[in-house]
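Scroll down for the structure; my scribbles are underneath it.
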There are 2 protein chains.
Amino acid sequence: MYEFKIFNPLSQIEDELRKVEEIMESRLKRGAGFAREIGMHLLKSRGKRIRPALILFSTEAAGGDMEEAISFSAAVELLHTATLIHDDIVDKSPLRRGLPTINRKWGNDVSVLTGDFLFGEAFLLFVQQRNLSVVGLMANVVSKMCGAEIEQMSNLYNTEEKIEDYFGRVEGKTATFFSSCCQVGPIIAGASNEVTNSLASYGLNLGMAFQILDDVFDLIGDENTLGKPVGCDLMEGILTLPVLLLLEKEEYKDELCKIFSKKSITDSELTRIKELLYRESAFDKSFQFAKGFIEKAKSDLHILPDTRGKSALMKLADYMLERNF
Amino acid sequence: MYEFKIFNPLSQIEDELRKVEEIMESRLKRGAGFAREIGMHLLKSRGKRIRPALILFSTEAAGGDMEEAISFSAAVELLHTATLIHDDIVDKSPLRRGLPTINRKWGNDVSVLTGDFLFGEAFLLFVQQRNLSVVGLMANVVSKMCGAEIEQMSNLYNTEEKIEDYFGRVEGKTATFFSSCCQVGPIIAGASNEVTNSLASYGLNLGMAFQILDDVFDLIGDENTLGKPVGCDLMEGILTLPVLLLLEKEEYKDELCKIFSKKSITDSELTRIKELLYRESAFDKSFQFAKGFIEKAKSDLHILPDTRGKSALMKLADYMLERNF
């Protein structure tokens, strides 16, 4: 059973995160019928709350109002929850954070509507803060994220995909969202363009690393720590960085193309691909890419004055490389 | 084959509607891969554009800027398109406006993402107009609409449902959206509360009538004019006004409860239910409810000065009762 753990750098904003939970809880309990049941289910499967942490730390780093940051954090986490519910339909996932997914428990139809309902609730919360820039950032996140996911769906089993296309997808799927969260702080604080841009760039690079690592863990994790089956992405035809790196090796290209051209992968083929990935150090190489993005993220922060927020963002970046969930 | 027809009261805003189409087209062509294919598909199956008409007429009636109204109209129609795509997943519909639905042609997963992508694009367009009140109205529309649809899903085949619950659902599903469109005009124009409230109430009543008639047509239309199979709602277990009126008759209650308690309806049972609906004038009675809302809608406009916009809204209300699509 997957347990929620507040990871190290987040312990210093425990109070703020508790308030974020309270706002989310009051929103999730507003619905009737299935909506309420699902709200209670979602409250049981709390996530890592990385996006709220990015907003809270970037607000501290830019000197903004923390109460405002807390409201935005709740809205952002509701938006994130909405995208996860819809992702589970797309991925046909049976489990999320060790619990049955909404689509498994209530069906695709209820999942679609619940995700949409949370989109609406999230945007209502954004609007209540009366900050049009943040609403715009978040509308852009939704458009970019879904654009990237549709592109991903258009390229299942596509062995011709380039690594730069993959990076473009990762940017749309995850890094734009991280970057936008990091811009909330400086927007609230009315910070200079220089500060805003450095935090935006930090978030973008952190998000790139986060998604790359997520893609690696999909292949090397185990079901207990992942809270979902191993190799999910690959079994669905989504080729991520380790596999794309392997496809660059001429000696395996034919074998891999033959497997992928069937547009389905057997368990023994998955085992074979994982063997090749280890043999060719594709996981290590992917990890190095992630490490590169983490280094960039940290250097983005250099222009900021030393604050508790900045130091937490530095730690959060290092922590990414140590996570094993 | 269903043909797009600009219905009478809309002919006077043909130029504006053309500009709305152009904005939508440029947005729908922005995506790559499946997103672009789907965009082209959506452009082929143009809807009735009632929501843009409500914005344009309410802007004329309140004396607002028509260029601004055109941008909002495009955003609203994108939002509406997003909800239709997700509705088709929920309803498992094979056809919409005589063309295969996105879920039928590209699968549920792509449909979910395309709907979300259009949500994002719609909200980006709203934000570009830099009007926080309208963004708030539309976020509320999404939340209310999905809340009502989830409630509907929670009450399939529920023979204990009250007619007032049905009206509550209709308000959330459709009337809130209509009402919000009618508020865009007075918001743009900076109109008085009195004008805003009268247009909001007009939209609410018109939306109630529209959805009731839609529910009636689901049962009495034919596949060619509907562009989808007859009795879709009922076959899915959604009990609408005519059926709820029939359930009020003690003499049929047992027979109907027996059918609905199976949670599936055969073709011969559908025929039997339709026979009872005709016998008990349930369609006529539903039509009278719709007519009552239309009358209320028209009387809501009395306080407005006589303008082309007001006269078009009056005609639009009458036209609702004549539509046969």
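Residue numbering restarts at 1 in every chain; chains get A, B, ... in the order shown in the structure tokens, and ligands count up from 1 in that same order.
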- Close residues, Leu234 (chain A) itself excluded, 9 Å, only C-alpha atoms, min 5 positions apart in chain, as a list in words: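 Here the qualifying residues turn out to be Tyr157, Asp218, Leu219, Leu239, Thr240, Val243, Ile265 and Leu270 of chain A.
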- Message: Set the cut-off to 8 Å and count only C-alpha atoms: what are the residues of chain B that reach chain A? Output as a PyMOL selection string.
- Response: chain B and resi 31-35+86+89-91+108-110+112-114+116-121+123-124+127-128+130+132+135-136+139-147+149-151+153-154
If you keep N, CA and C atoms, can you produce a file of those selected residues as a short mmCIF file (atom, residue, chain, number, x, y, z; two decimals), in the first residue's frame?
```
data_model
loop_
_atom_site.label_atom_id
_atom_site.label_comp_id
_atom_site.auth_asym_id
_atom_site.auth_seq_id
_atom_site.Cartn_x
_atom_site.Cartn_y
_atom_site.Cartn_z
N GLY B 31 -3.68 22.67 -33.77
CA GLY B 31 -3.13 21.43 -33.25
C GLY B 31 -2.34 20.66 -34.29
N ALA B 32 -1.61 19.62 -33.83
CA ALA B 32 -0.87 18.74 -34.73
C ALA B 32 -1.47 17.34 -34.62
N GLY B 33 -1.06 16.44 -35.50
CA GLY B 33 -1.48 15.04 -35.43
C GLY B 33 -2.99 14.89 -35.43
N PHE B 34 -3.49 14.03 -34.53
CA PHE B 34 -4.92 13.81 -34.45
C PHE B 34 -5.68 15.11 -34.20
N ALA B 35 -5.07 16.01 -33.42
CA ALA B 35 -5.77 17.24 -33.05
C ALA B 35 -6.19 18.01 -34.30
N HIS B 86 -17.11 15.54 -24.93
CA HIS B 86 -17.13 14.73 -23.71
C HIS B 86 -18.50 14.08 -23.48
N ILE B 89 -18.84 10.81 -25.23
CA ILE B 89 -18.20 9.68 -24.53
C ILE B 89 -19.18 9.13 -23.50
N VAL B 90 -19.76 10.06 -22.74
CA VAL B 90 -20.67 9.67 -21.66
C VAL B 90 -21.89 8.93 -22.23
N ASP B 91 -22.43 9.49 -23.33
CA ASP B 91 -23.63 8.88 -23.93
C ASP B 91 -23.30 7.70 -24.83
N ASN B 108 -12.14 6.77 -27.21
CA ASN B 108 -12.42 7.57 -26.02
C ASN B 108 -11.23 8.38 -25.55
N ASP B 109 -10.03 7.76 -25.63
CA ASP B 109 -8.85 8.43 -25.08
C ASP B 109 -8.56 9.74 -25.82
N VAL B 110 -8.58 9.67 -27.15
CA VAL B 110 -8.33 10.89 -27.94
C VAL B 110 -9.46 11.91 -27.71
N VAL B 112 -11.26 12.38 -24.96
CA VAL B 112 -11.07 13.04 -23.67
C VAL B 112 -10.07 14.18 -23.83
N LEU B 113 -8.94 13.87 -24.46
CA LEU B 113 -7.87 14.87 -24.59
C LEU B 113 -8.28 16.02 -25.50
N THR B 114 -9.02 15.71 -26.57
CA THR B 114 -9.43 16.77 -27.49
C THR B 114 -10.39 17.73 -26.79
N ASP B 116 -10.51 18.35 -23.60
CA ASP B 116 -9.70 19.14 -22.66
C ASP B 116 -8.90 20.22 -23.39
N PHE B 117 -8.33 19.84 -24.53
CA PHE B 117 -7.56 20.80 -25.33
C PHE B 117 -8.44 22.00 -25.69
N LEU B 118 -9.68 21.72 -26.10
CA LEU B 118 -10.59 22.81 -26.47
C LEU B 118 -11.02 23.64 -25.26
N PHE B 119 -11.17 22.99 -24.09
CA PHE B 119 -11.39 23.76 -22.85
C PHE B 119 -10.28 24.78 -22.67
N GLY B 120 -9.05 24.29 -22.77
CA GLY B 120 -7.90 25.17 -22.59
C GLY B 120 -7.90 26.31 -23.59
N GLU B 121 -8.15 25.97 -24.87
CA GLU B 121 -8.16 26.99 -25.92
C GLU B 121 -9.27 28.02 -25.67
N PHE B 123 -10.64 28.89 -22.80
CA PHE B 123 -10.30 29.77 -21.68
C PHE B 123 -9.15 30.73 -22.04
N LEU B 124 -8.23 30.27 -22.90
CA LEU B 124 -7.20 31.20 -23.37
C LEU B 124 -7.83 32.37 -24.11
N VAL B 127 -9.51 34.71 -21.66
CA VAL B 127 -8.52 35.51 -20.94
C VAL B 127 -7.97 36.62 -21.82
N GLN B 128 -7.80 36.30 -23.13
CA GLN B 128 -7.27 37.33 -24.05
C GLN B 128 -8.14 38.57 -24.10
N ARG B 130 -9.38 39.86 -21.60
CA ARG B 130 -9.06 40.57 -20.36
C ARG B 130 -10.31 40.99 -19.58
N LEU B 132 -12.32 39.51 -16.48
CA LEU B 132 -12.36 38.48 -15.45
C LEU B 132 -13.78 38.00 -15.15
N VAL B 135 -14.71 35.30 -17.56
CA VAL B 135 -13.99 34.06 -17.25
C VAL B 135 -14.67 33.34 -16.08
N GLY B 136 -15.06 34.12 -15.08
CA GLY B 136 -15.73 33.55 -13.92
C GLY B 136 -17.07 32.92 -14.28
N ALA B 139 -16.31 29.61 -16.07
CA ALA B 139 -15.83 28.56 -15.16
C ALA B 139 -17.01 27.99 -14.38
N ASN B 140 -17.92 28.89 -13.99
CA ASN B 140 -19.13 28.46 -13.28
C ASN B 140 -20.00 27.57 -14.17
N VAL B 141 -20.07 27.92 -15.46
CA VAL B 141 -20.84 27.09 -16.41
C VAL B 141 -20.30 25.66 -16.41
N VAL B 142 -18.98 25.53 -16.50
CA VAL B 142 -18.36 24.20 -16.56
C VAL B 142 -18.67 23.41 -15.30
N SER B 143 -18.48 24.05 -14.15
CA SER B 143 -18.71 23.37 -12.89
C SER B 143 -20.18 22.95 -12.74
N LYS B 144 -21.11 23.88 -13.03
CA LYS B 144 -22.54 23.58 -12.91
C LYS B 144 -22.97 22.48 -13.88
N MET B 145 -22.49 22.60 -15.12
CA MET B 145 -22.89 21.65 -16.15
C MET B 145 -22.45 20.23 -15.78
N CYS B 146 -21.20 20.11 -15.34
CA CYS B 146 -20.69 18.77 -15.03
C CYS B 146 -21.29 18.26 -13.74
N GLY B 147 -21.51 19.16 -12.78
CA GLY B 147 -22.19 18.77 -11.55
C GLY B 147 -23.54 18.16 -11.87
N GLU B 149 -24.53 16.88 -14.72
CA GLU B 149 -24.42 15.63 -15.50
C GLU B 149 -24.03 14.46 -14.59
N ILE B 150 -23.19 14.75 -13.60
CA ILE B 150 -22.83 13.70 -12.65
C ILE B 150 -24.06 13.28 -11.85
N GLU B 151 -24.86 14.28 -11.47
CA GLU B 151 -26.11 13.99 -10.76
C GLU B 151 -27.01 13.12 -11.63
N MET B 153 -26.02 11.04 -13.93
CA MET B 153 -25.43 9.69 -13.94
C MET B 153 -25.75 8.95 -12.64
N SER B 154 -25.87 9.71 -11.55
CA SER B 154 -26.15 9.09 -10.25
C SER B 154 -27.61 8.66 -10.14
#
```
- Message: For the strand (DSSP E) assignment from backbone DSSP, which residues of region 63-118 of chain B qualify? Please present them as a PyMOL selection string.
- Response: chain B and resi 95-96+99-100
Can those selected residues be exported to a file as an mmCIF file, in the first residue's frame so that it contains N, CA and C atoms?
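After the write, again.cif holds the following:
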```cif
data_model
loop_
_atom_site.group_PDB
_atom_site.id
_atom_site.type_symbol
_atom_site.label_atom_id
_atom_site.label_comp_id
_atom_site.auth_asym_id
_atom_site.auth_seq_id
_atom_site.Cartn_x
_atom_site.Cartn_y
_atom_site.Cartn_z
ATOM 1 N N LEU B 95 -23.240 8.863 -33.365
ATOM 2 C CA LEU B 95 -23.444 9.946 -34.330
ATOM 3 C C LEU B 95 -23.713 11.262 -33.614
ATOM 4 N N ARG B 96 -23.254 12.342 -34.240
ATOM 5 C CA ARG B 96 -23.574 13.697 -33.780
ATOM 6 C C ARG B 96 -23.706 14.544 -35.041
ATOM 7 N N LEU B 99 -22.771 12.980 -38.386
ATOM 8 C CA LEU B 99 -21.409 12.501 -38.650
ATOM 9 C C LEU B 99 -20.962 11.608 -37.487
ATOM 10 N N PRO B 100 -20.008 10.682 -37.761
ATOM 11 C CA PRO B 100 -19.510 9.858 -36.650
ATOM 12 C C PRO B 100 -18.945 10.747 -35.547
#
```
- Excluding region 285-293 of chain A and any residue of its chain fewer than 5 positions from it, enumerate the residues within 8 Å of it, using only C-alpha atoms, and give them as JSON, numbers by chain. {"A": [205, 206, 208, 209, 210, 212, 213, 216, 241, 242, 321]}
- Message: I need the residue nearest Asp306 (chain A) from this list: A:Asp165, A:Leu54, A:Glu16, A:Ala62. Use only C-alpha atoms for the distance.
- Response: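 Using only C-alpha atoms, the shortest distance to Asp306 (chain A) belongs to A:Ala62.
Shell of Glu236 (chain A) at 8 Å, with only C-alpha atoms counted and residues fewer than 4 places along the chain excluded, is Asp91, Leu156, Cys232 and Ser264 of chain A.
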- Out of A:Ser58, A:Thr266, A:Thr307, A:Ser45, which residue has the shortest atom-to-atom distance to Ile70 (chain A) when counting only C-alpha atoms? A:Ser58
- Between A:Ser93, A:Thr196, A:Ser71, A:Ser179, which has the minimum distance to Lys19 (chain A) (counting only C-alpha atoms)? A:Ser71
